[in-house]
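> One structure, pasted below without further comment.
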Amino acid sequence: MEFIRNFPFFSIMLSMFGGIVSPVLPERAAKWVNRAIITVVGALSLALLLYLLETGESYVYMMGHFPAPWGNEIRAGVLEAGMALFFCIIMLLSMLGGAHKLLTEVAAEKQNLYYILVNLLLSSLLALVYTNDIFTAYVFVEINTITACGLIMIRETGRTIEAAVRYMIMSLLGSGLLLLGLCVLYDLTGHLLMSNMREQVAYLAANDLYAMPLLVTIGLISSGLAIKSALFPFHAWLPDAYGYSTASSAAMLSSLVSKGYIFLLVKLIYRVYGFEVFHDSHIVNVLFVFGLMGMIFGSLSAIRENDIRRMVAFSSVAQIGYIFMGIGMGTQVAMVAGVFHILSHAATKSLLFISAAGLTDVSGGSRRFEDLTGAGYRDPWAGAAFTAGALSMVGVPLFSGFISKLLFAQAAVQNSGKMLPALIVLGISTILNAVYFMKTVIRLYTRVGAAEKSGRQFAGRKLYVAALIGFMILNVVLGVNSQPIVDMIGQGLGMFA
Amino acid sequence: MSKLKSREEYEKTGSFRFWRWLDGRRDPYVGQVEMKPQTPVETPELTIRERLRDSQAVRDKVYDIENNKSLNFFHRVYVLAAIVYCVGLAVILLAMVAYLPPTGEADRPVNNEVSARYIESGLQETGAVNIVTGMILDYRAFDTFGESNVLFAATTTVLILLHRKKKNQDGRVEELENDRLLEPKRDAILQGSATVLVPIIILFGIYVILNGHLSPGGGFSGGAVIGAGLILYLSAFGFERAEKLFTEKLYKTVSFAALTTYCLAKSYSFFTGANHLESHIPLGTPGAILSSGLIFVLNICVGMVVACTMYTFYVMFRKGDF
């Protein structure tokens, strides 16, 4: 076996070890260990991605001395490696961009704890991406949930504690439903390994055995993961959790944590149920409807919001709705669009959260729109970054959001049954997006006085500006160079089957 | 030759005390145990007013409960939706149970080659007499590593929420007094029974951990037993004595050492397993205490993590500091 095939295992273990070692390190060392680990894991994932693109087929990796149905196993394909690489890039940029806020918003003696959580979060995301075993997936869903709660409340204000409690309740409800679904599924198939479950599910579906419990498991698993990733009617925890936590936490929660769950759902759809069985269950239609509702109601809430961070958070509800609309359309093309939107939304939303932190800093810490007037002149870098993110969210060409909307529209046109609602809601949602994002951008570039020109300079904020530039480049790359990425996603989804 | 004891000498003997206690003339626990419930903490009126004002401010300024129509609407809909959701879920799950494979039948899907191999060759392959331990720490050791990291993450989160550094001298005194209000202290009965029980409990916990591969038990259950013993010791003797043993440094060292050992040991095993290399770890004679290869070590690691987690949770919730 080639050495490079060990890389997924190295990535998971390295990030876990980073979490274990952080409490005994001095704070500065913990920070650099964290950054180094994210970078190394990203590099490993990149190497793996190139290797997999070359060989063109996925492989399974035995965790231990026992082969598949008995021991643990992880699996790497193009989509997994690409996702891991992407998650590492976003996480690194979020940590760099939020570093200065972290110093002021998190108590000095608790900084180490933050890095523990971030390392563990990375390991759980990697495990969710690479896993080939539903119980492993559940264990790492737990880690993901707990670390996410910690990331919210480490900035100790009343609002974050309240938000963390709310998040915990909703997220544990989601975990519980997921666990129920997985238990019943195990009862029906007798396996925990995805490949074996797939065979068994196909057998059950072909012979029409246990049809009702199978349908219930699909419902439980989809709704559990939908609650955890804040699909529309279950989004009440989201605005506070994203709106009040520290900047890097908000960026990671919105772009990584919720996306990890969605990726797990995609994986379960393809690797456990098989696309056809999932599609025939009609649960997809429920996801589709809730996705559409989320696209509209999320945007409407965002328009009414008078707090820039909460507005960006509400916009996440709408964007999660897009992704579930893609899953709910029930075609391969739409699924590709959905997965692309995971990438596009992750890159954009973390950019928006990080740049919003800079904009509020120059407005006396206030996040209300009237105080933010002209902030784009006071902090040119953050202003430019926010504008780029807003354009991407609205779907202006050259940015990543345009490509995902294009893909969704193409997918909708090919789907006769759902074309009309999908296209109409896509149109309405785009207009609503434009309303609240352009309103914000115009306000950022409205001069309030002549003495505003001072401008925060590049010096002393190198990391922050570098992170913003990195995010913008990522957005433009996704927007301009989309075809290879879309092909890669298609290839990766093909490997799932 | 008999010798008459003087009254003073007689009063020192055990039998004198025993008879006096039997007569009911003397209770050895007077002054040693808490006879009456503690007086509740009196909150100064100013603090109460402040709290009321704060909660009123939250209601008025943050949420504006009286005038916030959407919030009130939301609350009502939320309650209704929650009821509908719960009832619906219960009905669906109950209906589903009827369709599940019947329990106890031989041809259920779960009775397949997976469990067959665990039962038939678990002993030879893992060296553990206790098949469950063999399953969680050898066949599926990656999941269990994740599980111990769940505990580690949970402890970290609790530390974030509840850890308060020691303040100045005054603050410390106040905390000790507060602690006094929560638990009986210097209670002869509690201390006496703790003196007897704590060593036994901790020994039993160690036994459960060390025999995890031979008999029911293992790291998780044994660690919980040890944690319970530590908590009993702390409740009986208070923080001053518990702190001599269990400090923040000890917690960090133990959890770091245990998790690192687990991580490195299992990484070695995963790496050799996946690359089809010889693992060089002897399995030993099944049934001997030093057998079953890594399982023995991993059980100890898991046990230490669990014990630390339990004790830390208790300490954090009670005082907020080690």
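Identifiers in the structure tokens: chain A, B, ... in order shown; residue index from 1 per chain; ligand index from 1 in order shown.
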Using only C-alpha atoms, I'd like a table of the residues in chain B that come within 7 Å of chain A; for each, show the closest atom pair and its distance in Å rounded to one decimal, ordered by chain and ascending number, as CSV.


residue,atom,partner,partner_atom,distance
B:Met96,CA,A:Pro213,CA,5.6
B:Tyr99,CA,A:Pro213,CA,6.5
B:Leu100,CA,A:Pro213,CA,6.6
B:Pro109,CA,A:Gly190,CA,4.9
B:Val110,CA,A:Gly190,CA,3.7
B:Asn111,CA,A:Gly190,CA,6.9
B:Asn112,CA,A:Gly190,CA,6.7
B:Val114,CA,A:Trp70,CA,6.0
B:Tyr139,CA,A:Gly71,CA,4.5
B:Arg140,CA,A:Gly71,CA,5.3
B:Phe142,CA,A:Asn72,CA,6.6
B:Asp143,CA,A:Thr136,CA,5.4
B:Gly146,CA,A:Val139,CA,6.1
B:Glu147,CA,A:Val139,CA,6.3
B:Val150,CA,A:Ile143,CA,5.2
B:Ala153,CA,A:Thr147,CA,6.4
B:Ala154,CA,A:Ile146,CA,6.4
B:Thr156,CA,A:Leu113,CA,6.4
B:Thr157,CA,A:Gly150,CA,5.1
B:Ile160,CA,A:Ile154,CA,6.1
B:Lys252,CA,A:Val24,CA,6.8
B:Phe256,CA,A:Ile20,CA,6.1
B:Leu259,CA,A:Ile20,CA,6.6
B:Thr260,CA,A:Ile20,CA,6.9
B:Cys263,CA,A:Phe17,CA,7.0
B:Ser269,CA,A:Gly64,CA,5.8
B:Phe270,CA,A:Gly64,CA,4.0
B:Gly273,CA,A:His65,CA,4.1
B:Ala274,CA,A:Met62,CA,4.9
B:Asn275,CA,A:Met1,CA,6.5

> Selection from above, C-alpha atoms, as a PDB file, in the first residue's frame, can you write it?


ATOM      1  CA  MET B  96     -42.770   1.656  13.783  1.00  0.00           C
ATOM      2  CA  TYR B  99     -42.869  -3.466  12.120  1.00  0.00           C
ATOM      3  CA  LEU B 100     -39.381  -4.085  13.491  1.00  0.00           C
ATOM      4  CA  PRO B 109     -30.690  -9.282  10.572  1.00  0.00           C
ATOM      5  CA  VAL B 110     -28.398  -8.479  13.511  1.00  0.00           C
ATOM      6  CA  ASN B 111     -27.530 -12.152  13.997  1.00  0.00           C
ATOM      7  CA  ASN B 112     -25.036 -12.230  11.172  1.00  0.00           C
ATOM      8  CA  VAL B 114     -20.303  -9.823  12.446  1.00  0.00           C
ATOM      9  CA  TYR B 139     -12.033  -4.343  17.072  1.00  0.00           C
ATOM     10  CA  ARG B 140     -13.548  -0.866  17.337  1.00  0.00           C
ATOM     11  CA  PHE B 142     -11.150   4.065  17.026  1.00  0.00           C
ATOM     12  CA  ASP B 143     -14.721   4.677  18.187  1.00  0.00           C
ATOM     13  CA  GLY B 146     -13.446   9.177  19.947  1.00  0.00           C
ATOM     14  CA  GLU B 147     -15.574   8.446  22.991  1.00  0.00           C
ATOM     15  CA  VAL B 150     -15.971  13.241  23.964  1.00  0.00           C
ATOM     16  CA  ALA B 153     -14.191  17.860  25.201  1.00  0.00           C
ATOM     17  CA  ALA B 154     -16.997  17.817  27.782  1.00  0.00           C
ATOM     18  CA  THR B 156     -13.034  21.357  28.579  1.00  0.00           C
ATOM     19  CA  THR B 157     -16.464  22.860  28.022  1.00  0.00           C
ATOM     20  CA  ILE B 160     -14.894  27.113  30.171  1.00  0.00           C
ATOM     21  CA  LYS B 252      -3.901  18.093  33.424  1.00  0.00           C
ATOM     22  CA  PHE B 256      -2.698  14.377  29.084  1.00  0.00           C
ATOM     23  CA  LEU B 259      -4.940  10.377  26.253  1.00  0.00           C
ATOM     24  CA  THR B 260      -1.447  10.614  24.798  1.00  0.00           C
ATOM     25  CA  CYS B 263      -3.360   8.082  21.007  1.00  0.00           C
ATOM     26  CA  SER B 269      -1.728  -0.393  16.129  1.00  0.00           C
ATOM     27  CA  PHE B 270      -3.803   1.327  13.396  1.00  0.00           C
ATOM     28  CA  GLY B 273      -2.816  -2.951  10.943  1.00  0.00           C
ATOM     29  CA  ALA B 274      -3.609  -0.883   7.902  1.00  0.00           C
ATOM     30  CA  ASN B 275      -0.208  -1.441   6.345  1.00  0.00           C
TER      31      ASN B 275
END

> For Val208 of chain B, which of B:Gly238, B:Gly122, B:Pro286, B:Gly303 is the closest residue, counting only C-alpha atoms?

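The closest residue to Val208 of chain B is B:Gly303.
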
> List every residue of segment 131-282 of chain B that DSSP, applied to the backbone of this structure, places in helix (DSSP H, G or I), and write the result as a PyMOL selection string.

chain B and resi 131-139+141-162+169-182+188-210+219-245+248-274

> Could you pull the residues within 10 Å of Tyr59 of chain A, counting only C-alpha atoms, minus those fewer than 3 positions along the same chain, as an MDAnalysis selection string?

chainID A and resid 5 52 62 74:77 495

> Include C-alpha atoms and write out the residues we just selected as an mmCIF file, in the first residue's frame.


data_model
loop_
_atom_site.group_PDB
_atom_site.id
_atom_site.type_symbol
_atom_site.label_atom_id
_atom_site.label_comp_id
_atom_site.auth_asym_id
_atom_site.auth_seq_id
_atom_site.Cartn_x
_atom_site.Cartn_y
_atom_site.Cartn_z
ATOM 1 C CA ARG A 5 -2.994 6.297 1.726
ATOM 2 C CA LEU A 52 -6.821 10.399 -5.808
ATOM 3 C CA MET A 62 -8.491 -0.322 7.850
ATOM 4 C CA ILE A 74 -12.349 4.993 7.008
ATOM 5 C CA ARG A 75 -12.715 5.753 3.349
ATOM 6 C CA ALA A 76 -11.151 8.361 1.115
ATOM 7 C CA GLY A 77 -12.351 9.534 -2.269
ATOM 8 C CA MET A 495 -17.210 7.402 -6.234
#

> Using atom CA of Val425 of chain A and atom CA of Asn285 of chain A as the two end points, give the distance in Å to one decimal.

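Atom CA of Asn285 of chain A lies 15.1 Å from atom CA of Val425 of chain A.
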
> Need the shell around Phe297 of chain A: protein/DNA/RNA residues with any atom at most 10 Å away, counting only C-alpha atoms. Skip same-chain ones fewer than 2 positions apart. Format as a ChimeraX atom specification?

/A:232-233,292-295,299-303,314-315,317-318,321,429,432

> I need the residues from that last selection saved to file as a compact mmCIF listing (two decimals), in the first residue's frame (with C-alpha atoms), if you can.


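Below you can see again27.txt, which holds the result:
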# COMPACT_ATOMS: atom_id res chain seq x y z
CA PHE A 232 -35.74 26.51 8.36
CA PRO A 233 -38.28 25.60 11.05
CA LEU A 292 -37.73 26.66 -0.09
CA MET A 293 -39.39 28.07 3.00
CA GLY A 294 -36.02 28.64 4.61
CA MET A 295 -34.82 30.55 1.54
CA SER A 299 -34.10 36.36 4.06
CA LEU A 300 -37.19 38.10 5.42
CA SER A 301 -35.83 37.86 8.96
CA ALA A 302 -32.49 39.15 7.76
CA ILE A 303 -34.13 42.20 6.18
CA PHE A 314 -30.13 34.97 9.38
CA SER A 315 -28.76 34.94 5.87
CA VAL A 317 -30.76 30.19 7.31
CA ALA A 318 -31.57 31.13 3.74
CA GLY A 321 -32.29 26.37 2.65
CA SER A 429 -34.70 34.81 -2.61
CA LEU A 432 -34.40 39.54 -1.02

> Would you work out the distance separating atom CA of Ala384 of chain A from atom CA of Ala356 of chain A, expressed in Å to one decimal?

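Computing it gives 10.9 Å between the two atoms.
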
> Counting only C-alpha atoms, which of A:Glu199, A:Glu57, A:Asp240, A:Glu27 gets nearest to Arg271 of chain A?

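Closest candidate: A:Glu199.
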
> Report, in Å to a single decimal, how far apart atom CA of Val165 of chain A and atom CA of Phe239 of chain B are.

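Atom-to-atom, atom CA of Phe239 of chain B to atom CA of Val165 of chain A, that is 29.6 Å.
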
> Taking 4 positions as the minimum chain separation for residues in the same chain, which residues sit within 6 Å of segment 340-349 of chain A when counting only C-alpha atoms? Answer as a count of residues only.

4

> Leaving out Ala467 of chain A and any residue of its chain fewer than 2 positions from it, which residues lie within 8 Å of it when counting only C-alpha atoms, given as a ChimeraX atom specification?

/A:93-94,96-97,463-465,469-471

> May I have the residues within 8 Å of Leu159 of chain B as a list in words, using only C-alpha atoms and disregarding those fewer than 4 positions away in the same chain?

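So the residues in contact are Thr155, His163 and Met316 of chain B.
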
> May I have the selected residues written with C-alpha atoms, as a PDB file, in the first residue's frame?


ATOM      1  CA  THR B 155     -14.533  18.534  30.601  1.00  0.00           C
ATOM      2  CA  HIS B 163     -13.810  27.597  36.094  1.00  0.00           C
ATOM      3  CA  MET B 316     -16.469  22.600  38.985  1.00  0.00           C
TER       4      MET B 316
END

> Between B:Ser291, B:Val306, B:Arg20, B:Leu277, which one has atoms that come closest to Gly134 of chain B, using only C-alpha atoms?

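Of all the options, B:Ser291 lies closest to Gly134 of chain B.
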
> Would you write out, as JSON lines, a table of all residues in segment 90-179 of chain B that have an atom no more than 10 Å from an atom of segment 287-290 of chain B, listing for each the closest atom pair and the distance in Å to one decimal, considering only C-alpha atoms and ordering rows by chain and rising residue number?


{"residue": "B:Leu123", "atom": "CA", "partner": "B:Gly287", "partner_atom": "CA", "distance": 9.7}
{"residue": "B:Gly127", "atom": "CA", "partner": "B:Gly287", "partner_atom": "CA", "distance": 8.1}
{"residue": "B:Ala128", "atom": "CA", "partner": "B:Gly287", "partner_atom": "CA", "distance": 7.5}
{"residue": "B:Val129", "atom": "CA", "partner": "B:Gly287", "partner_atom": "CA", "distance": 6.3}
{"residue": "B:Asn130", "atom": "CA", "partner": "B:Gly287", "partner_atom": "CA", "distance": 9.4}
